[in-house]
Each structure stands twice: as C-alpha cells, then as structure tokens.
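The file model-v1.csv comes next; it holds CSV, C-alpha atoms.
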```csv
chain,number,residue,atom,x,y,z
A,22,MET,CA,0.0,0.0,0.0
A,23,GLU,CA,2.8,2.4,0.8
A,24,ARG,CA,4.4,1.8,-2.6
A,25,VAL,CA,1.1,2.7,-4.3
A,26,ILE,CA,0.8,5.9,-2.2
A,27,SER,CA,4.4,6.8,-2.9
A,28,TRP,CA,3.8,6.1,-6.7
A,29,ILE,CA,0.7,8.4,-6.6
A,30,ASP,CA,2.6,11.1,-4.8
A,31,ASP,CA,5.4,11.1,-7.4
A,32,VAL,CA,2.8,11.4,-10.2
A,33,GLU,CA,1.1,14.2,-8.4
A,34,ARG,CA,4.4,16.0,-7.9
A,35,ILE,CA,5.2,15.8,-11.6
A,36,PHE,CA,1.6,16.9,-12.4
A,37,VAL,CA,1.8,20.0,-10.1
A,38,GLU,CA,5.2,20.9,-11.7
A,39,GLN,CA,3.5,20.9,-15.1
A,40,ILE,CA,0.6,23.1,-13.8
A,41,LEU,CA,3.3,25.7,-13.0
A,42,ASN,CA,4.8,25.2,-16.5
A,43,PRO,CA,4.8,28.7,-18.2
A,44,LEU,CA,5.3,27.1,-21.6
A,45,LEU,CA,2.0,25.2,-21.2
A,46,TRP,CA,0.1,28.3,-20.1
A,47,ILE,CA,1.4,30.2,-23.1
A,48,ILE,CA,0.4,27.4,-25.5
A,49,VAL,CA,-3.1,27.0,-24.0
A,50,LEU,CA,-3.9,30.7,-23.8
A,51,LEU,CA,-2.7,31.2,-27.4
A,52,GLY,CA,-4.9,28.3,-28.5
A,53,ILE,CA,-7.9,29.7,-26.7
A,54,LEU,CA,-7.3,33.1,-28.3
A,55,LEU,CA,-7.1,31.5,-31.8
A,56,GLU,CA,-10.4,29.6,-31.1
A,57,HIS,CA,-12.1,32.9,-30.2
A,58,LEU,CA,-10.6,34.6,-33.3
A,59,GLY,CA,-12.0,31.8,-35.5
A,60,ALA,CA,-15.5,32.2,-34.1
A,61,ARG,CA,-15.3,35.9,-34.6
A,62,THR,CA,-14.2,35.4,-38.2
A,63,LEU,CA,-17.3,33.3,-38.8
A,64,ARG,CA,-19.4,36.2,-37.7
A,65,ASP,CA,-17.5,38.9,-39.5
A,66,VAL,CA,-16.7,37.2,-42.8
A,67,PRO,CA,-19.8,36.4,-44.9
A,68,ASN,CA,-18.2,33.6,-47.1
A,69,PHE,CA,-16.6,31.8,-44.1
A,70,SER,CA,-18.5,28.5,-43.7
A,71,GLU,CA,-19.2,26.7,-40.5
A,72,THR,CA,-17.4,23.6,-41.9
A,73,ASP,CA,-14.2,25.6,-42.4
A,74,LEU,CA,-14.5,26.9,-38.8
A,75,LEU,CA,-15.0,23.3,-37.5
A,76,VAL,CA,-11.9,22.1,-39.3
A,77,ARG,CA,-9.8,25.0,-37.9
A,78,GLU,CA,-11.2,24.5,-34.3
A,79,VAL,CA,-10.1,20.8,-34.3
A,80,ALA,CA,-6.8,21.6,-35.9
A,81,ILE,CA,-6.0,24.2,-33.2
A,82,ILE,CA,-6.8,21.7,-30.5
A,83,GLU,CA,-4.5,19.2,-32.1
A,84,GLY,CA,-1.7,21.7,-32.4
A,85,VAL,CA,-2.1,22.8,-28.8
A,86,LEU,CA,-1.9,19.1,-27.6
A,87,ILE,CA,1.2,18.4,-29.6
A,88,PHE,CA,3.1,21.5,-28.4
A,89,SER,CA,1.8,20.8,-24.9
A,90,VAL,CA,3.5,17.4,-24.9
A,91,LEU,CA,6.8,19.0,-26.1
A,92,ALA,CA,6.5,21.7,-23.5
A,93,ALA,CA,5.8,19.2,-20.8
A,94,PHE,CA,9.0,17.2,-21.5
A,95,ILE,CA,11.1,20.3,-21.9
A,96,TRP,CA,9.9,21.7,-18.6
A,97,HIS,CA,10.4,18.3,-16.8
A,98,SER,CA,14.0,18.1,-18.1
A,99,TYR,CA,14.6,21.7,-17.0
A,100,LYS,CA,13.2,21.0,-13.5
A,101,GLU,CA,15.2,17.8,-13.1
A,102,GLU,CA,18.4,19.5,-14.1
A,103,ARG,CA,17.8,22.5,-11.9
A,104,THR,CA,17.2,20.4,-8.8
A,105,GLY,CA,20.3,18.4,-9.5
A,106,ALA,CA,18.5,15.2,-10.1
A,107,LEU,CA,19.0,13.0,-13.1
A,108,LEU,CA,16.1,12.5,-15.5
A,109,ALA,CA,17.0,8.8,-15.4
A,110,GLU,CA,15.8,8.7,-11.8
A,111,THR,CA,12.2,9.4,-12.8
A,112,ASN,CA,10.3,6.3,-13.6
A,113,SER,CA,9.0,6.4,-17.2
A,114,LEU,CA,5.5,5.2,-16.2
A,115,LYS,CA,5.1,8.0,-13.6
A,116,LEU,CA,6.2,10.6,-16.1
A,117,TRP,CA,3.9,9.0,-18.8
A,118,THR,CA,0.9,9.1,-16.4
A,119,ALA,CA,1.5,12.7,-15.5
A,120,ILE,CA,1.9,13.8,-19.1
A,121,LEU,CA,-1.3,12.0,-20.1
A,122,LEU,CA,-3.2,13.6,-17.2
A,123,ILE,CA,-1.9,17.0,-18.5
A,124,ILE,CA,-3.0,16.6,-22.1
A,125,PHE,CA,-6.3,15.1,-21.2
A,126,THR,CA,-6.9,18.0,-18.8
A,127,ILE,CA,-6.1,20.4,-21.6
A,128,GLY,CA,-8.4,18.5,-24.0
A,129,VAL,CA,-11.3,18.8,-21.5
A,130,ALA,CA,-10.5,22.6,-21.0
A,131,PHE,CA,-10.7,23.2,-24.7
A,132,SER,CA,-13.9,21.1,-25.0
A,133,ILE,CA,-15.5,23.4,-22.4
A,134,THR,CA,-14.2,26.5,-24.2
A,135,LEU,CA,-15.6,25.3,-27.5
A,136,ALA,CA,-18.9,24.4,-25.9
A,137,VAL,CA,-19.3,28.1,-25.2
A,138,ILE,CA,-18.0,29.3,-28.5
A,139,ASP,CA,-19.6,26.7,-30.9
A,140,LEU,CA,-22.3,24.8,-29.0
A,141,SER,CA,-24.0,23.7,-32.2
A,142,HIS,CA,-21.1,21.4,-33.1
A,143,ILE,CA,-20.1,20.3,-29.6
A,144,LEU,CA,-20.8,16.6,-30.2
A,145,THR,CA,-18.6,16.6,-33.4
A,146,ILE,CA,-15.8,18.5,-31.6
A,147,LEU,CA,-16.0,16.1,-28.6
A,148,GLN,CA,-15.7,13.1,-30.8
A,149,ARG,CA,-12.8,14.5,-32.8
A,150,THR,CA,-11.0,15.8,-29.7
A,151,LEU,CA,-11.3,12.3,-28.2
A,152,PHE,CA,-9.7,10.6,-31.2
A,153,ILE,CA,-7.0,13.2,-31.5
A,154,LEU,CA,-6.2,12.9,-27.8
A,155,LEU,CA,-5.9,9.1,-28.2
A,156,THR,CA,-3.6,9.7,-31.2
A,157,VAL,CA,-1.4,12.3,-29.4
A,158,SER,CA,-1.1,9.9,-26.5
A,159,MET,CA,1.2,7.9,-28.8
A,160,ILE,CA,3.9,10.6,-28.7
A,161,PRO,CA,4.9,10.3,-25.0
A,162,THR,CA,4.6,6.5,-25.0
A,163,VAL,CA,6.8,6.1,-28.0
A,164,TYR,CA,9.2,8.8,-26.8
A,165,LEU,CA,9.7,7.2,-23.4
A,166,PHE,CA,10.2,3.8,-24.9
A,167,LEU,CA,12.9,5.0,-27.3
A,168,ARG,CA,14.7,7.3,-24.9
A,169,PRO,CA,17.5,5.6,-23.0
A,170,LYS,CA,17.5,6.1,-19.2
A,171,ARG,CA,20.7,8.2,-19.4
A,172,SER,CA,20.6,10.1,-22.7
A,173,SER,CA,22.0,13.3,-24.1
A,174,VAL,CA,19.9,16.2,-25.5
A,175,LEU,CA,20.7,14.9,-29.0
A,176,VAL,CA,19.5,11.4,-28.3
A,177,SER,CA,16.3,12.7,-26.6
A,178,SER,CA,15.6,15.0,-29.5
A,179,LEU,CA,16.0,12.2,-32.0
A,180,ALA,CA,13.7,10.0,-29.9
A,181,MET,CA,11.1,12.8,-29.9
A,182,THR,CA,11.5,13.4,-33.6
A,183,PHE,CA,10.8,9.7,-34.3
A,184,ALA,CA,7.8,9.7,-32.0
A,185,ILE,CA,6.3,12.7,-33.8
A,186,ALA,CA,7.1,11.2,-37.2
A,187,LEU,CA,5.3,8.0,-36.2
A,188,TYR,CA,2.4,10.0,-35.0
A,189,VAL,CA,2.2,12.0,-38.3
A,190,GLY,CA,2.6,8.8,-40.3
A,191,PHE,CA,-0.3,7.1,-38.4
A,192,GLU,CA,-2.6,10.1,-39.0
A,193,PHE,CA,-1.8,10.1,-42.7
A,194,LEU,CA,-2.3,6.4,-43.0
A,195,ILE,CA,-5.7,6.6,-41.3
A,196,THR,CA,-6.7,9.5,-43.6
A,197,TRP,CA,-5.5,7.6,-46.7
A,198,ALA,CA,-7.3,4.4,-45.6
A,199,SER,CA,-10.5,6.5,-45.0
A,200,SER,CA,-10.4,7.8,-48.6
A,201,LEU,CA,-10.8,4.3,-50.0
A,202,GLY,CA,-14.0,2.4,-50.6
A,203,GLY,CA,-17.6,3.3,-50.3
A,204,ASP,CA,-19.7,4.6,-47.5
A,205,SER,CA,-19.6,1.3,-45.7
A,206,ALA,CA,-15.8,1.1,-45.7
A,207,PHE,CA,-14.4,0.7,-42.1
A,208,PHE,CA,-12.3,3.8,-42.0
A,209,ALA,CA,-14.6,6.1,-44.1
A,210,ARG,CA,-16.0,8.1,-41.2
A,211,LEU,CA,-12.5,9.0,-39.9
A,212,ASN,CA,-11.8,11.0,-43.1
A,213,ASP,CA,-12.5,14.4,-41.4
A,214,VAL,CA,-10.9,13.7,-38.0
A,215,TYR,CA,-7.5,14.9,-39.0
A,216,PHE,CA,-6.3,17.9,-41.1
A,217,TRP,CA,-4.7,15.9,-43.9
A,218,ASN,CA,-7.6,15.8,-46.2
A,219,ASN,CA,-7.5,19.6,-46.2
A,220,VAL,CA,-3.8,19.6,-47.0
A,221,PHE,CA,-4.2,16.9,-49.7
A,222,PRO,CA,-7.7,17.4,-51.3
A,223,GLY,CA,-7.2,14.1,-53.2
A,224,LEU,CA,-7.7,12.3,-49.9
A,225,ALA,CA,-11.0,14.0,-49.1
A,226,ARG,CA,-14.2,12.1,-49.5
A,227,SER,CA,-17.3,13.7,-51.0
A,228,GLU,CA,-19.3,12.6,-48.0
A,229,LEU,CA,-19.0,14.6,-44.7
A,230,TRP,CA,-19.9,12.8,-41.5
A,231,VAL,CA,-20.3,15.6,-39.0
A,232,THR,CA,-21.2,13.1,-36.3
A,233,ILE,CA,-19.9,9.5,-36.1
A,234,TYR,CA,-22.7,7.3,-34.8
A,235,ASN,CA,-22.6,3.7,-33.4
A,236,PRO,CA,-21.5,1.1,-34.2
A,237,TRP,CA,-18.8,3.0,-36.0
A,238,PHE,CA,-17.9,5.2,-33.0
A,239,SER,CA,-17.5,2.2,-30.7
A,240,TRP,CA,-15.4,0.3,-33.2
A,241,TYR,CA,-13.1,3.3,-33.6
A,242,LEU,CA,-12.8,3.8,-29.9
A,243,VAL,CA,-11.9,0.2,-29.3
A,244,MET,CA,-9.3,0.4,-32.1
A,245,TYR,CA,-7.6,3.5,-30.6
A,246,LEU,CA,-7.7,2.0,-27.1
A,247,LEU,CA,-6.1,-1.2,-28.3
A,248,MET,CA,-3.4,0.8,-30.2
A,249,ASN,CA,-2.6,2.8,-27.0
A,250,GLY,CA,-2.8,-0.3,-24.8
A,251,THR,CA,-0.3,-2.1,-27.1
A,252,LEU,CA,2.2,0.7,-26.9
A,253,LEU,CA,1.8,1.0,-23.2
A,254,GLY,CA,2.4,-2.7,-22.9
A,255,VAL,CA,5.7,-2.4,-24.7
A,256,LEU,CA,6.7,0.5,-22.4
A,257,LEU,CA,5.8,-1.6,-19.4
A,258,LEU,CA,7.9,-4.4,-20.7
A,259,LYS,CA,10.9,-2.1,-21.1
A,260,GLU,CA,10.5,-0.9,-17.5
A,261,LEU,CA,10.2,-4.4,-16.2
A,262,ILE,CA,13.3,-5.5,-18.0
A,263,LEU,CA,15.3,-2.4,-16.8
A,264,SER,CA,14.0,-2.9,-13.2
A,265,ARG,CA,15.5,-6.4,-13.2
A,266,GLY,CA,18.8,-5.1,-14.4
A,267,ILE,CA,18.7,-6.7,-17.9
A,268,ARG,CA,20.4,-4.5,-20.6
```
Whole structure, structure tokens version:
Amino acid sequence: MERVISWIDDVERIFVEQILNPLLWIIVLLGILLEHLGARTLRDVPNFSETDLLVREVAIIEGVLIFSVLAAFIWHSYKEERTGALLAETNSLKLWTAILLIIFTIGVAFSITLAVIDLSHILTILQRTLFILLTVSMIPTVYLFLRPKRSSVLVSSLAMTFAIALYVGFEFLITWASSLGGDSAFFARLNDVYFWNNVFPGLARSELWVTIYNPWFSWYLVMYLLMNGTLLGVLLLKELILSRGIR
C-alpha cells in the first residue's frame, strides 16, 4: 500500500510541476485566443463557412496538444536539471501518467471552451477531440520507450522526432485508408478527423460525417484504445526489463 501511495505522490508532484509550467500556459492561452478569433471570423466574414470553422477549431486543438507534450517534456527536463536530479531517476511510467493527465486536462478545458464558442457542433468537436487525444497519446509513449535512461539532448531530440514522425505517419495512414472504398468502408468516417484531407484534397471524400454514430464510433474507440494499450504494454515491458537489471 505504501508503494502505491508513494507512486501516486510522485505522479502528483510531476503533475503539479506541469501546472506551473509557463510554456504550457502560453500554448493553452494562445490556443484559446485562436479559437475565439476563429469564431469571430465566422461572424464577420460572410463567405466563411461553419465547416471551415469546425476544421480550424479541431486543428487548433491538435496543435495545442502536440506542443503541450513537447513543452511538458522540456519543462520536466529543466526542473530535473535545476534540482540536481537525473532524468534517469524518474520512472517512465510515472512521467507517462502525469503527461497524459496534463494533455487530457487540456483537452477537457478546450472542449468546455468550444462548448461556449460553438455549441451547435459540440458533439462533433468532442468526438474528434477524443480521437485526437488518443492519437497524441502515442507521442509520450513512443518517446519514453525509445529514450534511454541516461541520454544526451541529441538522443532525446532524436527520440522525440521519431515519435512525432510516427504520429504523423499514423494520421496520414488513417486518412489515406479512410479515402478508399464506399460509404460502408471501415475507416470512411475517420476522413474528417485529421487535417490531412485539407492539406491533400485528393484524400478528401465527397461525404461529410459531422457526427460519427454507433456502431462505428464504438469500433473506432476500441481500435484507438487497443493501439494505445499495445504501446503502453511495450513501455511496461521495457520498465520491467530495466528494473530487473537486464540490458
């Protein structure tokens, strides 16, 4: 029981440190400002459609979440170095838990903000935010798996670069798969979740699913949870091996 309480205390300490992270506050406040400016554009620009606003709202959330992950790891490294501790002393699972708590808290905060700004599309925004959160969750998991316990800034940067590249590749693969087949194709309703079909119009479908209904939503949710569970299992295996002194 004491080990569980100690583990929770360590996660709480990292979480509180991140709450005081000025980089996170700058990113979140900038994101909220951009969301308000987008809503204002819809009111002031006659030809600006609600669909374009929805795309931008979700893209801003995704950008905020990605930069928040980067800011969280940068701040944690800074705090560890400043206190004279080694980053290697922090258990990866504790850090992973705290980072996920941070990005999910930010996701909820943006959902509440957008509920005030754009209530008419709140279900669509909530669904897309959930899938994006579950995709962004890949980044800290892959990064912590790839990063050695004692690593230089260069090695850590390379690990983060690979984690983000894998994340981008996964999104692009899902968007490409969603552009194939007819209305009943498995991935079809994920075509508008990510921004790639706006970057590459050839990947965009003619159909627009503003809301993803069951059973599709449940199947997608299970798919994303299994993906994250698998990555977490690999990270757990790494920690187990290292804890037993196997290199």
### Task
May I ask which of the residues A:Asp204, A:Asp213, A:Met159, A:Leu51 is the closest one to Phe191 of chain A, counting all atoms listed in the file?
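Nearest candidate to Phe191 of chain A out of A:Asp204, A:Asp213, A:Met159, A:Leu51: A:Met159.
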### Query
Between atom CA of Leu187 of chain A and atom CA of Phe238 of chain A, what is the distance, to one decimal in Å?
23.6 Å
### Query
Neighbours of segment 112-115 of chain A within 9 Å (only C-alpha atoms; same-chain residues fewer than 5 positions away dropped), as a list in words?
Trp28, Ile29, Asp31, Val32, Ile35, Ile120, Thr162, Leu165, Phe166, Lys170, Leu253, Leu256, Leu257 and Glu260 of chain A
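Minimum distance to Thr145 of chain A across A:Phe207, A:Tyr234, A:Phe88, A:Phe193 (counting all atoms listed in the file) occurs at A:Tyr234.
Shortest separation to Thr118 of chain A among A:Ser158, A:Leu242, A:Leu179, A:Leu258 occurs at residue A:Ser158, atoms counted being all atoms listed in the file.
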### Task
Find the residues near Glu38 of chain A: any atom within 10 Å, counting all atoms listed in the file, skip ones fewer than 6 places away on the same chain, and give them as a ChimeraX atom specification.
/A:32,93,96-97,100,119
### Atomic separation - atom CA of Phe183 of chain A relative to atom CA of Ile95 of chain A, Å
16.3 Å
#### Entry: Computed interatomic separation between atom CA of Ile143 of chain A and atom CA of Leu91 of chain A (Å)
27.2 Å
### Non-local contacts of Thr182 of chain A (10 Å; only C-alpha atoms; under 5 positions in same chain excluded) as a VMD selection string
chain A and resid 160 164 176 to 177 187 to 188
